[in-house]
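Take a look at the structure set out below.
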Amino acid sequence: MTAPVVEQPTDWTEPGAHPVVPGVHRVPLALPIPSLHSVNVYVIEDAEGLVVVDSGWAMPDTRATMERALRALGHGLGDVAQFLVTHAHWDHYSQALALRESFGTRVRIGRGERPSIEAFDVRRGLHPRQIEMLRRCGAGGVADEIAALDVDRSERDIPHTLPDAWLDDGERVGLTGRDLEVFATPGHTRGHIVLRDAGAGLLFAGDHILPHITPSIGLETEPEPRPLRSYLDSLRLVRDMPDTLLLPAHGPVSPSVHTRIDELLEHHAQRLDAAAAQVRAGRGTAFEVAEAMPWTRRGRALGDLDAFSRMLAVLEIEAHLDVLTDQGVLDAHEEAGVRRYAPRR
């Protein structure tokens, strides 16, 4: 559910527990996603039990990797007191649910994820709302391809139930040696949260801020109407905080949250300008604009991407066009079930 359109560079870290600061360790876990090698989970050692931020995809191999990493720290899976999950994508949430079944571990996630968790039903297919949105974007062919995709076993059997408790914006998770502040950062998903350890100068950023790739936006069972607007607002929210070390869910730990946010804001500003230029050139739907735009670092054409990446690309462009509409740059109207855009006069 979380593969990006932009390919991840090859920076795979060997599995194991990699110290970040005293008492905090990064554990990379492999993913069954061709374009994304691994997800980072962060193990916080606490006197009342281990606290783990995110959890990995529920698979036997990732469970075994986590078990080995914890054993190297002198712990076992049963020593995890709670999982704090940044969002409900399977590479972050599902293994926490699976380990809860085995050990009774407490699982918490942002309250804003509740609509998507409750609405998920594999019998509807993996992306039912996205198929509707693609048709509205004028991308009926892509919608048909997504509708025809088989549900892989690793997805069909995934645990996807409610957590034990919710994490709320502004909440403080008090541990023995540190406090974690919870901040709602919608955009990548509507209920995404980040955890800030001001005392240690750390931001557990989930997929909100990634060092090498731009996160997908709105890929969830119940997407919000304006995910890019929410994402940009969430970036600015974190940018207004004092700078910290960036602990991302994908890619290496990086020295400055601010530096990466500035890059992401500039990237989206450039994409907004490029999308507006395509509409001024006469392209009227999100699909037509996406076809005219370059994708990935290699500048690939939309048609050269796989169906899943084409879906993400078209929906990303729709999100950019909707922001431009909100800004008064474009007008939008629906015609035969397809949303069309034109320069505002």
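Starting from 1 in every chain, residues are counted up; chains themselves are A, B, ... following the order of the structure tokens, and ligands are numbered from 1 as listed.
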
If we count only C-alpha atoms, what is near segment 180-186 of chain A at a cut-off of 8 Å, once residues fewer than 2 positions away on the same chain are taken out, given as number ranges by chain? A: 110, 167-175, 178, 188-198, 208, 227, 230-231, 234-235

Would you export the selected residues with C-alpha atoms as a short mmCIF file (atom, residue, chain, number, x, y, z; two decimals), in the first residue's frame, please?
data_model
loop_
_atom_site.label_atom_id
_atom_site.label_comp_id
_atom_site.auth_asym_id
_atom_site.auth_seq_id
_atom_site.Cartn_x
_atom_site.Cartn_y
_atom_site.Cartn_z
CA GLY A 110 -3.46 7.94 15.37
CA LEU A 167 -3.07 8.48 19.79
CA ASP A 168 -4.40 12.03 19.83
CA ASP A 169 -2.86 15.24 18.54
CA GLY A 170 -1.13 17.07 21.39
CA GLU A 171 -0.91 13.99 23.61
CA ARG A 172 2.26 13.19 25.54
CA VAL A 173 3.33 9.56 25.82
CA GLY A 174 5.27 9.52 29.07
CA LEU A 175 7.98 6.89 29.33
CA ARG A 178 11.62 10.41 27.93
CA HIS A 188 0.32 10.68 3.49
CA THR A 189 -2.74 9.29 5.25
CA ARG A 190 -5.49 11.24 6.99
CA GLY A 191 -4.48 9.93 10.42
CA HIS A 192 -0.69 9.98 10.12
CA ILE A 193 1.13 11.08 13.27
CA VAL A 194 4.74 11.85 14.16
CA LEU A 195 6.36 11.47 17.57
CA ARG A 196 8.74 14.13 18.82
CA ASP A 197 11.28 13.54 21.57
CA ALA A 198 12.32 17.12 22.31
CA HIS A 208 5.66 12.07 6.66
CA PRO A 227 -4.57 15.30 0.87
CA SER A 230 -3.10 18.68 4.38
CA TYR A 231 0.38 17.33 3.63
CA SER A 234 1.68 19.30 8.06
CA LEU A 235 5.15 19.91 6.67
#

Hey, what's within 12 Å of Ala281 of chain A if we count only C-alpha atoms and toss same-chain stuff fewer than 4 positions away? As a VMD selection string, please? chain A and resid 274 to 277 285 288 to 289 292 341 to 343

Next, the residues of the selection above should be written as a JSON list (two decimals), in the first residue's frame with C-alpha atoms.
[["chain", "number", "residue", "atom", "x", "y", "z"],
["A", 274, "ALA", "CA", 4.55, 22.39, -13.85],
["A", 275, "ALA", "CA", 0.99, 21.11, -13.49],
["A", 276, "ALA", "CA", -0.44, 24.60, -13.95],
["A", 277, "ALA", "CA", 1.66, 25.04, -17.08],
["A", 285, "THR", "CA", -7.83, 16.30, -16.89],
["A", 288, "GLU", "CA", -3.78, 14.23, -19.42],
["A", 289, "VAL", "CA", -1.55, 16.34, -17.18],
["A", 292, "ALA", "CA", 2.67, 15.08, -19.99],
["A", 341, "TYR", "CA", -9.56, 21.97, -15.22],
["A", 342, "ALA", "CA", -8.94, 25.28, -16.97],
["A", 343, "PRO", "CA", -6.97, 28.44, -16.15]]

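The smallest atom-to-atom distance between Arg106 of chain A and any of A:Asp262, A:Glu145, A:Asp164, A:Asp91, using only C-alpha atoms, is found for A:Asp164.
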
Got a sec: who's within 6 Å of segment 127-137 of chain A, counting only C-alpha atoms, leaving out chain neighbours fewer than 2 positions off, as JSON, numbers by chain? {"A": [125, 139, 140, 143, 285, 286, 287, 337, 338, 339]}

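In this comparison, which uses only C-alpha atoms, the residue of A:Ala249, A:Trp166, A:Gln278, A:Arg260 approaching His37 of chain A most closely is A:Ala249.
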
Got a sec to tell me which of segment 157-285 of chain A DSSP assigns to alpha helix (DSSP H), as a ChimeraX atom specification? /A:227-239,257-280

Write the residues of the preceding selection, restricted to C-alpha atoms, as a PDB file, in the first residue's frame.
ATOM      1  CA  PRO A 227      -4.571  15.302   0.873  1.00  0.00           C
ATOM      2  CA  LEU A 228      -1.877  17.533  -0.647  1.00  0.00           C
ATOM      3  CA  ARG A 229      -3.179  20.625   1.114  1.00  0.00           C
ATOM      4  CA  SER A 230      -3.100  18.679   4.384  1.00  0.00           C
ATOM      5  CA  TYR A 231       0.376  17.335   3.634  1.00  0.00           C
ATOM      6  CA  LEU A 232       1.856  20.759   2.909  1.00  0.00           C
ATOM      7  CA  ASP A 233       0.242  22.197   6.048  1.00  0.00           C
ATOM      8  CA  SER A 234       1.679  19.297   8.060  1.00  0.00           C
ATOM      9  CA  LEU A 235       5.154  19.911   6.672  1.00  0.00           C
ATOM     10  CA  ARG A 236       4.931  23.569   7.696  1.00  0.00           C
ATOM     11  CA  LEU A 237       3.705  22.568  11.143  1.00  0.00           C
ATOM     12  CA  VAL A 238       6.834  20.490  11.755  1.00  0.00           C
ATOM     13  CA  ARG A 239       9.074  23.093  10.086  1.00  0.00           C
ATOM     14  CA  VAL A 257      14.332  17.634   9.692  1.00  0.00           C
ATOM     15  CA  HIS A 258      14.272  21.255   8.505  1.00  0.00           C
ATOM     16  CA  THR A 259      16.599  20.658   5.570  1.00  0.00           C
ATOM     17  CA  ARG A 260      14.481  17.831   4.199  1.00  0.00           C
ATOM     18  CA  ILE A 261      11.199  19.691   4.713  1.00  0.00           C
ATOM     19  CA  ASP A 262      12.576  22.647   2.739  1.00  0.00           C
ATOM     20  CA  GLU A 263      13.448  20.261  -0.093  1.00  0.00           C
ATOM     21  CA  LEU A 264       9.981  18.677  -0.041  1.00  0.00           C
ATOM     22  CA  LEU A 265       8.215  22.041  -0.047  1.00  0.00           C
ATOM     23  CA  GLU A 266      10.337  23.185  -2.988  1.00  0.00           C
ATOM     24  CA  HIS A 267       9.647  19.939  -4.853  1.00  0.00           C
ATOM     25  CA  HIS A 268       5.901  20.392  -4.531  1.00  0.00           C
ATOM     26  CA  ALA A 269       6.120  24.067  -5.481  1.00  0.00           C
ATOM     27  CA  GLN A 270       7.861  23.037  -8.700  1.00  0.00           C
ATOM     28  CA  ARG A 271       5.273  20.326  -9.381  1.00  0.00           C
ATOM     29  CA  LEU A 272       2.438  22.808  -8.826  1.00  0.00           C
ATOM     30  CA  ASP A 273       4.016  25.201 -11.337  1.00  0.00           C
ATOM     31  CA  ALA A 274       4.549  22.394 -13.847  1.00  0.00           C
ATOM     32  CA  ALA A 275       0.988  21.113 -13.487  1.00  0.00           C
ATOM     33  CA  ALA A 276      -0.443  24.601 -13.945  1.00  0.00           C
ATOM     34  CA  ALA A 277       1.655  25.040 -17.082  1.00  0.00           C
ATOM     35  CA  GLN A 278       0.241  21.830 -18.547  1.00  0.00           C
ATOM     36  CA  VAL A 279      -3.321  23.033 -17.970  1.00  0.00           C
ATOM     37  CA  ARG A 280      -2.480  26.359 -19.594  1.00  0.00           C
TER      38      ARG A 280
END

Shell of 9 Å around Ala119 of chain A, only C-alpha atoms, local chain residues under 3 positions omitted, as a PDB file with C-alpha atoms, in the first residue's frame:
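Output file result-v7.pdb follows:
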ATOM      1  CA  ARG A 114     -10.089   4.983  12.291  1.00  0.00           C
ATOM      2  CA  PRO A 115     -12.241   5.541   9.132  1.00  0.00           C
ATOM      3  CA  SER A 116      -9.797   3.653   6.894  1.00  0.00           C
ATOM      4  CA  THR A 221      -9.189   3.066   2.177  1.00  0.00           C
ATOM      5  CA  GLU A 222     -10.992   6.333   2.992  1.00  0.00           C
TER       6      GLU A 222
END

Please report as a Markdown table every residue of segment 120-192 of chain A lying within 10 Å of segment 55-68 of chain A, along with the nearest atom pair and their distance in Å (one decimal), using only C-alpha atoms.
| residue | atom | partner | partner_atom | distance |
| --- | --- | --- | --- | --- |
| A:Ser154 | CA | A:Met59 | CA | 7.7 |
| A:Glu155 | CA | A:Ala58 | CA | 9.5 |
| A:Asp157 | CA | A:Ala58 | CA | 9.4 |
| A:Ile158 | CA | A:Ala58 | CA | 6.8 |
| A:Pro159 | CA | A:Ala58 | CA | 7.7 |
